[in-house]
>>> print(open('coords10.cif').read())   # mmCIF, C-alpha atoms
data_my_file
#
loop_
_atom_site.label_atom_id
_atom_site.label_comp_id
_atom_site.auth_asym_id
_atom_site.auth_seq_id
_atom_site.Cartn_x
_atom_site.Cartn_y
_atom_site.Cartn_z
CA MET A 1 78.57 65.59 -7.43
CA ILE A 2 74.82 65.16 -7.80
CA GLY A 3 75.34 64.60 -11.49
CA PHE A 4 77.83 61.83 -10.78
CA VAL A 5 75.46 60.08 -8.37
CA THR A 6 72.65 60.39 -10.89
CA ALA A 7 74.85 58.91 -13.61
CA LEU A 8 75.84 56.06 -11.31
CA GLY A 9 72.22 55.36 -10.47
CA ARG A 10 71.25 55.39 -14.13
CA TRP A 11 74.12 53.10 -15.03
CA THR A 12 73.13 50.63 -12.29
CA ARG A 13 69.48 50.63 -13.33
CA GLU A 14 70.34 50.16 -16.99
CA THR A 15 72.81 47.36 -16.26
CA ILE A 16 70.25 45.46 -14.23
CA ALA A 17 67.53 46.05 -16.82
CA ASN A 18 69.79 44.93 -19.69
CA THR A 19 70.89 41.80 -17.84
CA GLY A 20 67.30 40.93 -17.10
CA PHE A 21 66.26 41.53 -20.70
CA ALA A 22 69.16 39.41 -22.03
CA ALA A 23 68.20 36.57 -19.67
CA ARG A 24 64.60 36.81 -20.87
CA VAL A 25 65.68 36.70 -24.52
CA LEU A 26 67.86 33.64 -23.83
CA PHE A 27 65.02 31.96 -21.96
CA GLU A 28 62.62 32.76 -24.79
CA ILE A 29 65.04 31.38 -27.40
CA VAL A 30 65.46 28.11 -25.49
CA ARG A 31 61.74 27.83 -24.76
CA SER A 32 60.65 28.45 -28.32
CA SER A 33 63.18 26.11 -29.93
CA GLY A 34 61.13 22.97 -29.35
CA GLY A 35 59.37 23.57 -32.66
CA LEU A 36 62.73 23.74 -34.42
CA LEU A 37 63.13 19.99 -34.15
CA ARG A 38 60.33 19.65 -36.70
CA ARG A 39 62.00 22.19 -38.99
CA PHE A 40 65.58 21.14 -38.50
CA ARG A 41 66.53 22.49 -41.93
CA LEU A 42 66.50 26.01 -40.48
CA ILE A 43 69.37 24.96 -38.20
CA THR A 44 71.15 23.00 -40.95
CA THR A 45 71.21 26.05 -43.20
CA GLN A 46 72.75 28.11 -40.41
CA ILE A 47 75.33 25.42 -39.55
CA HIS A 48 76.34 25.50 -43.20
CA PHE A 49 76.69 29.28 -43.02
CA ILE A 50 78.42 29.43 -39.63
CA GLY A 51 80.38 26.17 -39.55
CA ASN A 52 81.37 25.21 -43.07
CA TYR A 53 82.45 28.72 -44.01
CA SER A 54 84.59 29.03 -40.85
CA LEU A 55 86.24 25.67 -41.46
CA LEU A 56 89.09 26.88 -43.64
CA LEU A 57 90.02 29.71 -41.26
CA ILE A 58 89.92 27.40 -38.23
CA ALA A 59 91.92 24.64 -39.92
CA VAL A 60 94.65 26.97 -41.21
CA SER A 61 94.89 28.76 -37.84
CA GLY A 62 95.11 25.42 -36.05
CA LEU A 63 97.88 24.26 -38.35
CA PHE A 64 99.95 27.38 -37.75
CA VAL A 65 99.36 27.41 -33.99
CA GLY A 66 100.56 23.79 -34.04
CA PHE A 67 103.67 24.80 -36.05
CA VAL A 68 104.51 27.56 -33.57
CA LEU A 69 103.88 25.34 -30.55
CA GLY A 70 106.19 22.73 -32.05
CA LEU A 71 108.99 25.25 -32.63
CA GLN A 72 108.71 27.17 -29.36
CA GLY A 73 108.15 24.03 -27.32
CA TYR A 74 111.20 22.42 -28.88
CA TYR A 75 113.49 25.38 -28.11
CA THR A 76 112.34 25.52 -24.46
CA LEU A 77 112.31 21.77 -23.83
CA ASN A 78 115.68 21.38 -25.53
CA LYS A 79 117.28 23.47 -22.77
CA TYR A 80 116.28 20.79 -20.28
CA GLY A 81 117.10 17.92 -22.61
CA SER A 82 113.53 16.69 -22.59
CA GLU A 83 112.43 17.35 -26.17
CA GLN A 84 110.71 13.93 -26.12
CA ALA A 85 107.93 15.59 -24.13
CA LEU A 86 107.15 17.85 -27.11
CA GLY A 87 104.12 15.78 -28.13
CA LEU A 88 102.71 15.99 -24.63
CA LEU A 89 103.23 19.75 -24.49
CA VAL A 90 101.59 20.35 -27.86
CA ALA A 91 98.63 18.04 -27.18
CA LEU A 92 97.92 19.28 -23.65
CA SER A 93 98.10 22.96 -24.49
CA LEU A 94 95.86 22.45 -27.53
CA THR A 95 93.17 20.22 -26.02
CA ARG A 96 92.98 22.07 -22.71
CA GLU A 97 93.36 25.71 -23.64
CA LEU A 98 94.33 26.86 -27.10
CA GLY A 99 91.84 24.73 -29.03
CA PRO A 100 88.67 26.00 -27.35
CA VAL A 101 89.89 29.57 -26.65
CA VAL A 102 91.48 30.48 -29.98
CA THR A 103 88.62 28.83 -31.87
CA ALA A 104 86.09 30.85 -29.84
CA LEU A 105 87.96 34.09 -30.51
CA LEU A 106 88.19 33.38 -34.25
CA PHE A 107 84.59 32.21 -34.23
CA ALA A 108 83.48 35.50 -32.65
CA GLY A 109 85.31 37.41 -35.38
CA ARG A 110 84.29 35.21 -38.28
CA ALA A 111 80.74 34.06 -37.51
CA GLY A 112 79.63 36.25 -34.58
CA THR A 113 80.02 39.52 -36.46
CA SER A 114 78.12 38.25 -39.48
CA LEU A 115 75.27 37.05 -37.26
CA THR A 116 75.06 40.44 -35.54
CA ALA A 117 75.20 42.37 -38.80
CA GLU A 118 72.59 40.12 -40.44
CA ILE A 119 70.09 40.37 -37.60
CA GLY A 120 70.83 44.08 -37.11
CA LEU A 121 70.15 44.80 -40.80
CA MET A 122 66.97 42.70 -40.62
CA LYS A 123 65.90 44.93 -37.75
CA ALA A 124 66.94 48.12 -39.55
CA GLY A 125 64.98 46.99 -42.63
CA GLU A 126 61.99 46.33 -40.36
CA GLN A 127 61.91 42.69 -41.39
CA LEU A 128 61.64 41.59 -37.77
CA SER A 129 58.66 43.90 -37.26
CA ALA A 130 57.09 42.57 -40.44
CA MET A 131 57.44 39.04 -39.11
CA GLU A 132 55.70 40.03 -35.89
CA MET A 133 52.90 41.55 -37.96
CA MET A 134 52.47 38.15 -39.63
CA ALA A 135 52.33 36.49 -36.20
CA VAL A 136 55.74 34.89 -36.69
CA ASN A 137 57.94 35.09 -33.60
CA PRO A 138 61.30 36.48 -34.79
CA LEU A 139 63.00 34.97 -31.73
CA GLN A 140 61.87 31.55 -32.88
CA ARG A 141 62.27 32.02 -36.62
CA VAL A 142 65.48 34.10 -36.78
CA LEU A 143 67.40 34.01 -33.49
CA ALA A 144 66.86 30.45 -32.26
CA PRO A 145 68.17 28.59 -35.38
CA ARG A 146 71.28 30.78 -35.46
CA PHE A 147 71.86 30.29 -31.74
CA TRP A 148 71.63 26.49 -31.92
CA ALA A 149 73.72 26.36 -35.08
CA GLY A 150 76.50 28.25 -33.28
CA VAL A 151 76.26 26.00 -30.22
CA ILE A 152 76.54 22.92 -32.44
CA ALA A 153 79.25 24.23 -34.76
CA MET A 154 81.61 25.59 -32.09
CA PRO A 155 82.68 22.27 -30.43
CA ILE A 156 83.14 20.70 -33.87
CA LEU A 157 85.38 23.55 -34.96
CA ALA A 158 87.36 23.40 -31.68
CA ALA A 159 87.93 19.64 -32.08
CA ILE A 160 89.11 20.17 -35.65
CA PHE A 161 91.40 23.00 -34.47
CA SER A 162 93.02 20.78 -31.81
CA ALA A 163 93.43 17.80 -34.13
CA VAL A 164 94.95 19.90 -36.94
CA GLY A 165 97.16 21.66 -34.38
CA ILE A 166 98.58 18.38 -33.09
CA PHE A 167 99.23 17.38 -36.69
CA GLY A 168 101.02 20.73 -37.19
CA GLY A 169 103.16 20.09 -34.11
CA TYR A 170 103.95 16.66 -35.49
CA ILE A 171 105.05 18.10 -38.85
CA VAL A 172 107.42 20.62 -37.26
CA GLY A 173 108.59 18.53 -34.32
CA VAL A 174 109.06 15.13 -35.92
CA GLN A 175 109.39 15.76 -39.64
CA LEU A 176 111.41 19.00 -39.66
CA ILE A 177 113.34 19.04 -36.36
CA GLY A 178 113.64 15.30 -35.88
CA VAL A 179 112.19 14.52 -32.46
CA ASP A 180 111.77 10.75 -32.13
CA GLU A 181 108.38 9.81 -33.52
CA GLY A 182 107.67 7.02 -31.04
CA ALA A 183 108.45 9.21 -28.03
CA PHE A 184 106.34 12.05 -29.48
CA TRP A 185 103.20 9.93 -29.64
CA SER A 186 103.76 7.68 -26.63
CA GLN A 187 104.48 10.60 -24.27
CA MET A 188 101.35 12.26 -25.61
CA GLN A 189 99.25 9.17 -25.01
CA GLY A 190 100.77 8.70 -21.58
CA GLY A 191 99.97 12.22 -20.45
CA VAL A 192 96.70 13.17 -22.14
CA ASP A 193 93.67 11.82 -20.33
CA VAL A 194 90.55 11.36 -22.42
CA TRP A 195 88.10 12.44 -19.72
CA ASN A 196 90.18 15.05 -17.92
CA ASP A 197 91.75 16.77 -20.89
CA VAL A 198 89.91 16.00 -24.14
CA LEU A 199 86.38 15.93 -22.74
CA ASN A 200 86.89 19.02 -20.57
CA GLY A 201 88.18 20.81 -23.65
CA VAL A 202 85.01 19.87 -25.52
CA LEU A 203 82.91 21.02 -22.57
CA LYS A 204 84.75 24.34 -22.60
CA SER A 205 84.05 24.81 -26.30
CA VAL A 206 80.34 24.12 -25.76
CA VAL A 207 80.21 26.84 -23.07
CA PHE A 208 82.12 29.25 -25.34
CA GLY A 209 79.76 28.40 -28.20
CA ILE A 210 76.74 29.30 -26.08
CA ALA A 211 78.36 32.54 -24.85
CA VAL A 212 79.67 33.79 -28.20
CA THR A 213 76.59 32.92 -30.26
CA PHE A 214 74.18 34.33 -27.71
CA ILE A 215 76.11 37.59 -27.46
CA ALA A 216 76.16 37.83 -31.26
CA VAL A 217 72.43 37.27 -31.82
CA TYR A 218 71.47 39.38 -28.80
CA GLN A 219 73.58 42.33 -29.95
CA GLY A 220 71.99 42.10 -33.39
CA TYR A 221 68.52 41.94 -31.87
CA GLN A 222 69.24 44.89 -29.56
CA SER A 223 71.03 47.11 -32.09
CA GLN A 224 69.83 50.58 -33.02
CA PRO A 225 68.08 50.23 -36.38
CA THR A 226 70.49 52.58 -38.16
CA PRO A 227 73.69 51.92 -40.13
CA GLU A 228 75.68 53.38 -37.27
CA GLY A 229 73.81 51.28 -34.73
CA VAL A 230 74.55 48.07 -36.64
CA ALA A 231 78.22 49.02 -36.86
CA ARG A 232 78.34 49.65 -33.12
CA ALA A 233 76.54 46.38 -32.36
CA THR A 234 79.05 44.45 -34.50
CA THR A 235 81.97 46.01 -32.65
CA ARG A 236 80.35 45.29 -29.31
CA THR A 237 79.88 41.65 -30.31
CA VAL A 238 83.60 41.16 -30.89
CA VAL A 239 84.65 43.00 -27.73
CA MET A 240 82.12 41.43 -25.42
CA ALA A 241 82.44 37.94 -26.88
CA SER A 242 86.25 37.98 -26.66
CA LEU A 243 86.27 39.29 -23.10
CA SER A 244 83.64 36.86 -21.90
CA VAL A 245 85.48 33.93 -23.54
CA LEU A 246 88.70 34.82 -21.72
CA TRP A 247 86.89 35.38 -18.44
CA LEU A 248 84.88 32.16 -18.74
CA ASP A 249 88.05 30.30 -19.66
CA PHE A 250 89.69 31.35 -16.41
CA LEU A 251 86.60 30.34 -14.45
CA LEU A 252 86.23 26.96 -16.17
CA THR A 253 89.94 26.17 -15.86
CA ALA A 254 89.80 26.91 -12.13
CA LEU A 255 86.77 24.64 -11.78
CA MET A 256 87.94 21.78 -14.02
CA PHE A 257 91.64 21.38 -13.35
CA SER A 258 91.88 22.32 -9.69
CA MET B 1 68.62 19.55 -55.36
CA GLN B 2 70.31 22.53 -53.78
CA LYS B 3 68.96 21.57 -50.37
CA LYS B 4 70.43 18.09 -50.86
CA SER B 5 73.92 19.45 -51.54
CA LEU B 6 73.68 21.77 -48.54
CA ASP B 7 72.81 18.83 -46.31
CA LEU B 8 75.74 16.95 -47.78
CA TRP B 9 78.18 19.71 -46.86
CA VAL B 10 76.81 20.03 -43.33
CA GLY B 11 77.00 16.27 -42.95
CA LEU B 12 80.63 16.32 -44.09
CA PHE B 13 81.35 19.10 -41.59
CA VAL B 14 79.88 17.10 -38.70
CA LEU B 15 81.73 13.95 -39.83
CA LEU B 16 84.99 15.89 -39.92
CA GLY B 17 84.37 17.04 -36.34
CA ALA B 18 83.66 13.48 -35.23
CA ALA B 19 86.85 12.31 -36.95
CA ALA B 20 88.84 15.04 -35.17
CA LEU B 21 87.39 14.02 -31.81
CA PHE B 22 88.14 10.36 -32.57
CA PHE B 23 91.72 11.32 -33.44
CA LEU B 24 92.08 13.24 -30.16
CA ALA B 25 90.70 10.35 -28.13
CA MET B 26 92.61 7.52 -29.80
CA LYS B 27 95.86 9.00 -31.03
CA ALA B 28 96.46 11.85 -28.56
CA GLY B 29 94.57 10.46 -25.57
CA ASN B 30 94.95 7.17 -23.79
CA LEU B 31 91.65 5.61 -24.76
CA SER B 32 93.39 2.99 -26.89
CA SER B 33 95.42 1.79 -23.89
CA LEU B 34 92.30 1.54 -21.75
CA SER B 35 91.84 -2.19 -21.36
CA PHE B 36 88.59 -3.86 -20.50
CA ASP B 37 90.32 -7.07 -19.46
CA LYS B 38 89.28 -8.54 -16.16
CA THR B 39 91.58 -7.72 -13.26
CA TYR B 40 92.15 -8.98 -9.74
CA PRO B 41 93.23 -6.85 -6.77
CA VAL B 42 96.44 -7.46 -4.85
CA ILE B 43 97.48 -5.47 -1.78
CA THR B 44 101.00 -4.32 -1.01
CA ARG B 45 102.50 -2.23 1.78
CA PHE B 46 105.39 0.15 1.38
CA ASP B 47 107.34 2.19 3.95
CA ASN B 48 107.66 5.02 1.44
CA ILE B 49 106.01 5.29 -1.96
CA GLY B 50 107.91 8.40 -3.10
CA GLY B 51 105.99 9.99 -5.94
CA LEU B 52 103.86 7.01 -6.96
CA LYS B 53 100.42 7.99 -8.25
CA PRO B 54 97.16 6.12 -8.89
CA ARG B 55 96.92 4.70 -12.47
CA ALA B 56 100.71 4.25 -12.51
CA PRO B 57 101.70 1.11 -14.42
CA VAL B 58 102.64 -2.18 -12.76
CA LYS B 59 105.36 -3.87 -14.78
CA SER B 60 107.00 -7.25 -14.72
CA ALA B 61 110.08 -7.76 -16.90
CA GLY B 62 109.25 -4.35 -18.35
CA VAL B 63 105.79 -5.37 -19.60
CA VAL B 64 102.71 -3.63 -18.22
CA VAL B 65 100.67 -6.26 -16.34
CA GLY B 66 98.35 -3.97 -14.36
CA ARG B 67 97.81 -0.58 -12.79
CA VAL B 68 97.84 1.02 -9.36
CA ALA B 69 94.20 1.25 -8.28
CA ALA B 70 94.40 3.10 -4.96
CA ILE B 71 96.93 4.46 -2.48
CA ASN B 72 95.99 4.79 1.18
CA PHE B 73 97.77 5.48 4.45
CA ASP B 74 97.48 2.93 7.27
CA ASP B 75 97.76 4.67 10.65
CA LYS B 76 98.27 1.37 12.52
CA THR B 77 101.53 0.43 10.85
CA TYR B 78 102.33 3.90 9.46
CA GLN B 79 102.79 2.38 6.04
CA ALA B 80 101.28 3.12 2.65
CA THR B 81 98.75 0.57 1.43
CA VAL B 82 98.83 0.30 -2.33
CA THR B 83 96.15 -1.69 -4.12
CA LEU B 84 97.20 -3.11 -7.49
CA GLU B 85 94.87 -4.26 -10.22
CA LEU B 86 96.61 -7.08 -12.08
CA GLU B 87 95.25 -8.43 -15.33
CA GLN B 88 93.49 -11.76 -14.98
CA LYS B 89 95.50 -13.42 -17.73
CA TYR B 90 98.79 -12.98 -15.84
CA LYS B 91 99.42 -15.26 -12.84
CA PHE B 92 102.17 -14.62 -10.30
CA PRO B 93 103.59 -16.92 -7.60
CA LYS B 94 102.65 -16.17 -3.99
CA ASP B 95 106.17 -15.05 -3.01
CA THR B 96 106.40 -12.39 -5.71
CA SER B 97 108.17 -9.24 -4.51
CA ALA B 98 107.22 -5.68 -5.43
CA LYS B 99 109.42 -2.61 -5.61
CA ILE B 100 108.90 0.97 -6.65
CA LEU B 101 111.11 1.92 -9.57
CA THR B 102 111.66 5.04 -11.60
CA SER B 103 111.74 5.09 -15.39
CA GLY B 104 114.88 7.02 -16.22
CA LEU B 105 116.53 9.31 -13.70
CA LEU B 106 113.65 11.74 -13.30
CA GLY B 107 110.81 9.90 -15.01
CA GLU B 108 107.53 8.70 -13.59
CA GLN B 109 107.46 6.01 -10.92
CA TYR B 110 106.00 2.55 -11.42
CA ILE B 111 105.83 -0.73 -9.54
CA GLY B 112 108.05 -3.59 -10.66
CA LEU B 113 107.03 -7.18 -9.82
CA GLU B 114 109.69 -9.85 -9.46
CA PRO B 115 108.21 -13.35 -9.54
CA GLY B 116 109.34 -15.83 -6.88
CA GLY B 117 109.38 -19.64 -7.02
CA ASP B 118 106.25 -20.62 -5.13
CA THR B 119 104.01 -23.21 -6.73
CA GLN B 120 100.82 -21.44 -5.59
CA ASN B 121 99.68 -18.31 -7.39
CA LEU B 122 98.46 -14.99 -6.02
CA ALA B 123 94.68 -14.85 -5.74
CA ALA B 124 92.35 -11.87 -5.53
CA GLY B 125 92.84 -9.91 -2.29
CA ASP B 126 96.20 -11.51 -1.44
CA ARG B 127 99.05 -9.49 0.00
CA ILE B 128 102.53 -9.17 -1.41
CA THR B 129 104.71 -9.22 1.69
CA MET B 130 108.14 -8.58 0.24
CA THR B 131 108.33 -4.96 -0.85
CA GLN B 132 111.04 -2.42 -1.44
CA SER B 133 110.27 1.25 -1.04
CA ALA B 134 110.95 4.03 -3.48
CA ILE B 135 114.43 5.48 -3.46
CA VAL B 136 114.06 9.08 -2.34
CA LEU B 137 116.80 11.13 -3.94
CA GLU B 138 117.02 13.60 -1.04
CA ASN B 139 117.68 10.79 1.48
CA LEU B 140 120.34 9.36 -0.77
CA ILE B 141 122.09 12.69 -1.11
CA SER B 142 121.92 13.41 2.62
CA GLN B 143 123.32 9.94 3.39
CA PHE B 144 126.13 10.53 0.94
CA LEU B 145 126.95 13.94 2.41
CA PHE B 146 126.79 12.57 5.94
CA SER B 147 129.20 9.76 5.19
CA LYS B 148 131.54 12.18 3.41
CA ALA B 149 131.47 14.51 6.41
CA SER B 150 132.22 11.74 8.87
CA GLU B 151 135.11 10.56 6.65
CA GLY B 152 136.60 14.04 6.83
CA LYS B 153 136.35 13.97 10.64
CA ASP B 154 138.22 10.65 10.75
CA ASP B 155 141.05 12.09 8.65
CA GLN B 156 141.57 14.96 11.05
CA LYS B 157 142.10 12.70 14.07
#
>>> encode(input="coords10.cif", output="structure tokens")
Amino acid sequence: MIGFVTALGRWTRETIANTGFAARVLFEIVRSSGGLLRRFRLITTQIHFIGNYSLLLIAVSGLFVGFVLGLQGYYTLNKYGSEQALGLLVALSLTRELGPVVTALLFAGRAGTSLTAEIGLMKAGEQLSAMEMMAVNPLQRVLAPRFWAGVIAMPILAAIFSAVGIFGGYIVGVQLIGVDEGAFWSQMQGGVDVWNDVLNGVLKSVVFGIAVTFIAVYQGYQSQPTPEGVARATTRTVVMASLSVLWLDFLLTALMFS
Amino acid sequence: MQKKSLDLWVGLFVLLGAAALFFLAMKAGNLSSLSFDKTYPVITRFDNIGGLKPRAPVKSAGVVVGRVAAINFDDKTYQATVTLELEQKYKFPKDTSAKILTSGLLGEQYIGLEPGGDTQNLAAGDRITMTQSAIVLENLISQFLFSKASEGKDDQK
């Protein structure tokens, strides 16, 4: 019994301490990134690494999600004789939900893990300590550019995902199944609101970008400097990033579309 | 040279994102139908607006000539006050009548304007007095059932 209470107390203390430390790291990253504007190439390099290399995965996933939405949506809508609304269904589900969420999940797997592993190995190889010895702040030199690159790349990837997905729905719905092309686009334009749907989707992807990238760099920074520690940190990145994306999505949807 | 090509790829990536966003706004969204033409407000009153919503189209002869700006309830007359924003380039006679119509059997509701024969035109803030409310399907069905039931009673006598 006493052991249980002790464990509970320790867990509570550690949770609070970790949360506080994470908040301080985030604050430090944001505070120290003013100097990055003068060395923007640090961010550009990371956008190339995070964004450009994820592009193919995101585009292909978007295309197939669009295909599936077109097929499934057609079968369901066909039962009610309203297959003209297929365009609206595909566009709304992509811009509001699937675009930001699926992109964030893929992004956590594709870019988040590599960020964690890279920073974790830098720590294991004592490169971060070496930087501190040379009076270079590793938060500013290593973490901040990666963080901002992720925040910038994520909305771009989500927009590409949604656009490619709508194109995929168009290919299946209009070209293969034969839904009327005019109705497909006009119903979509009638129902999708630029501010309510498209812009809120972009806003969602920005929030997901901040969450996923911060979790990734923080886990790398906090990892045990051993091969096993880096492996654990990488796993934790995927689990925590995915869960927080889904949780944040519920919260944002409740706030935005209520 | 290598830095240059890296910048090029990142630039292409950002451009692709901007193009995707542009596609979402123009082709999927309704930004292209957003008109910046000048409009003038006209007020109408309906006994029942059914499922009419703000931003619903106002059509005359099937062509969109404006949009519903606001819907309010007037507790003096117990009627719905609907403010329409008509495009400046379209003029309507003063005795124009308005009715709430439905596109298709279950489609969205819109306001149809039927021009009258007055020589004077509607100006900003004018009221359209002749209106016809939305047809509420439930009322129609209940009326139909009621008349059927009373017919049956007559037969029994």
>>> resolve_selection(input="coords10.cif", expression="the PyMOL selection byres ((chain A and resi 215) around 12)", output="ChimeraX atom specification")
/A:19,22-23,25-26,108,111-113,115-116,143,146-147,150-151,208-214,216-223,233-245
>>> closest_atom_pairs(input="coords10.cif", of="chain B", to="chain A", cutoff="8 Å", atoms="only C-alpha atoms", output="tab-separated table")
residue	atom	partner	partner_atom	distance
B:Leu6	CA	A:His48	CA	7.0
B:Asp7	CA	A:Thr44	CA	7.0
B:Trp9	CA	A:His48	CA	7.1
B:Val10	CA	A:His48	CA	5.5
B:Phe13	CA	A:Asn52	CA	6.3
B:Val14	CA	A:Ile156	CA	6.8
B:Leu16	CA	A:Ile160	CA	7.3
B:Gly17	CA	A:Ile156	CA	4.6
B:Ala18	CA	A:Ile156	CA	7.4
B:Ala20	CA	A:Ile160	CA	5.2
B:Leu21	CA	A:Ala159	CA	5.7
B:Phe23	CA	A:Ala163	CA	6.7
B:Leu24	CA	A:Ala163	CA	6.2
B:Ala25	CA	A:Val194	CA	5.8
B:Lys27	CA	A:Gln189	CA	6.9
B:Ala28	CA	A:Gln189	CA	5.3
B:Gly29	CA	A:Val192	CA	4.9
B:Asn30	CA	A:Gln189	CA	4.9
B:Leu31	CA	A:Val194	CA	6.3
>>> atom_distance(input="coords10.cif", atom1="CA of Tyr110 (chain B)", atom2="CA of Thr96 (chain B)")
16.0 Å
>>> residues_near_point(input="coords10.cif", point="(96.5, 7.1, -10.2)", cutoff="7 Å", atoms="all atoms listed in the file", output="list in words")
Lys53, Pro54, Arg55, Ala56, Val68, Ala69 and Ala70 of chain B
>>> closest_residue(input="coords10.cif", among="A:Asn18, A:Phe67, A:Pro138, A:Thr76", to="Met122 (chain A)", atoms="all atoms listed in the file")
A:Pro138
>>> residues_around(input="coords10.cif", residues="Gly51 (chain B)", least_positions_apart="3", cutoff="12 Å", atoms="only C-alpha atoms", output="VMD selection string")
chain B and resid 48 54 56 71 80 100 to 102 106 to 111 133 to 137
>>> resolve_selection(input="coords10.cif", expression="the PyMOL selection byres ((chain A and resi 82) around 12)", output="PyMOL selection string")
(chain A and resi 73-81+83-89+179-180+183-184+187) or (chain B and resi 104-107)
>>> atom_distance(input="coords10.cif", atom1="CA of Ala130 (chain A)", atom2="CA of Ala17 (chain A)")
26.1 Å
>>> atom_distance(input="coords10.cif", atom1="CA of Leu36 (chain A)", atom2="CA of Leu106 (chain A)")
27.2 Å
>>> resolve_selection(input="coords10.cif", expression="the PyMOL selection byres ((chain A and resi 32) around 12)", output="PyMOL selection string")
chain A and resi 24-31+33-37+136-145+147-148
>>> closest_residue(input="coords10.cif", among="B:Lys59, B:Arg45, B:Lys153, B:Lys4", to="Gly112 (chain B)", atoms="only C-alpha atoms")
B:Lys59
>>> residues_around(input="coords10.cif", residues="Ala98 (chain B)", least_positions_apart="3", cutoff="7 Å", atoms="only C-alpha atoms", output="PyMOL selection string")
chain B and resi 111-114+130-132
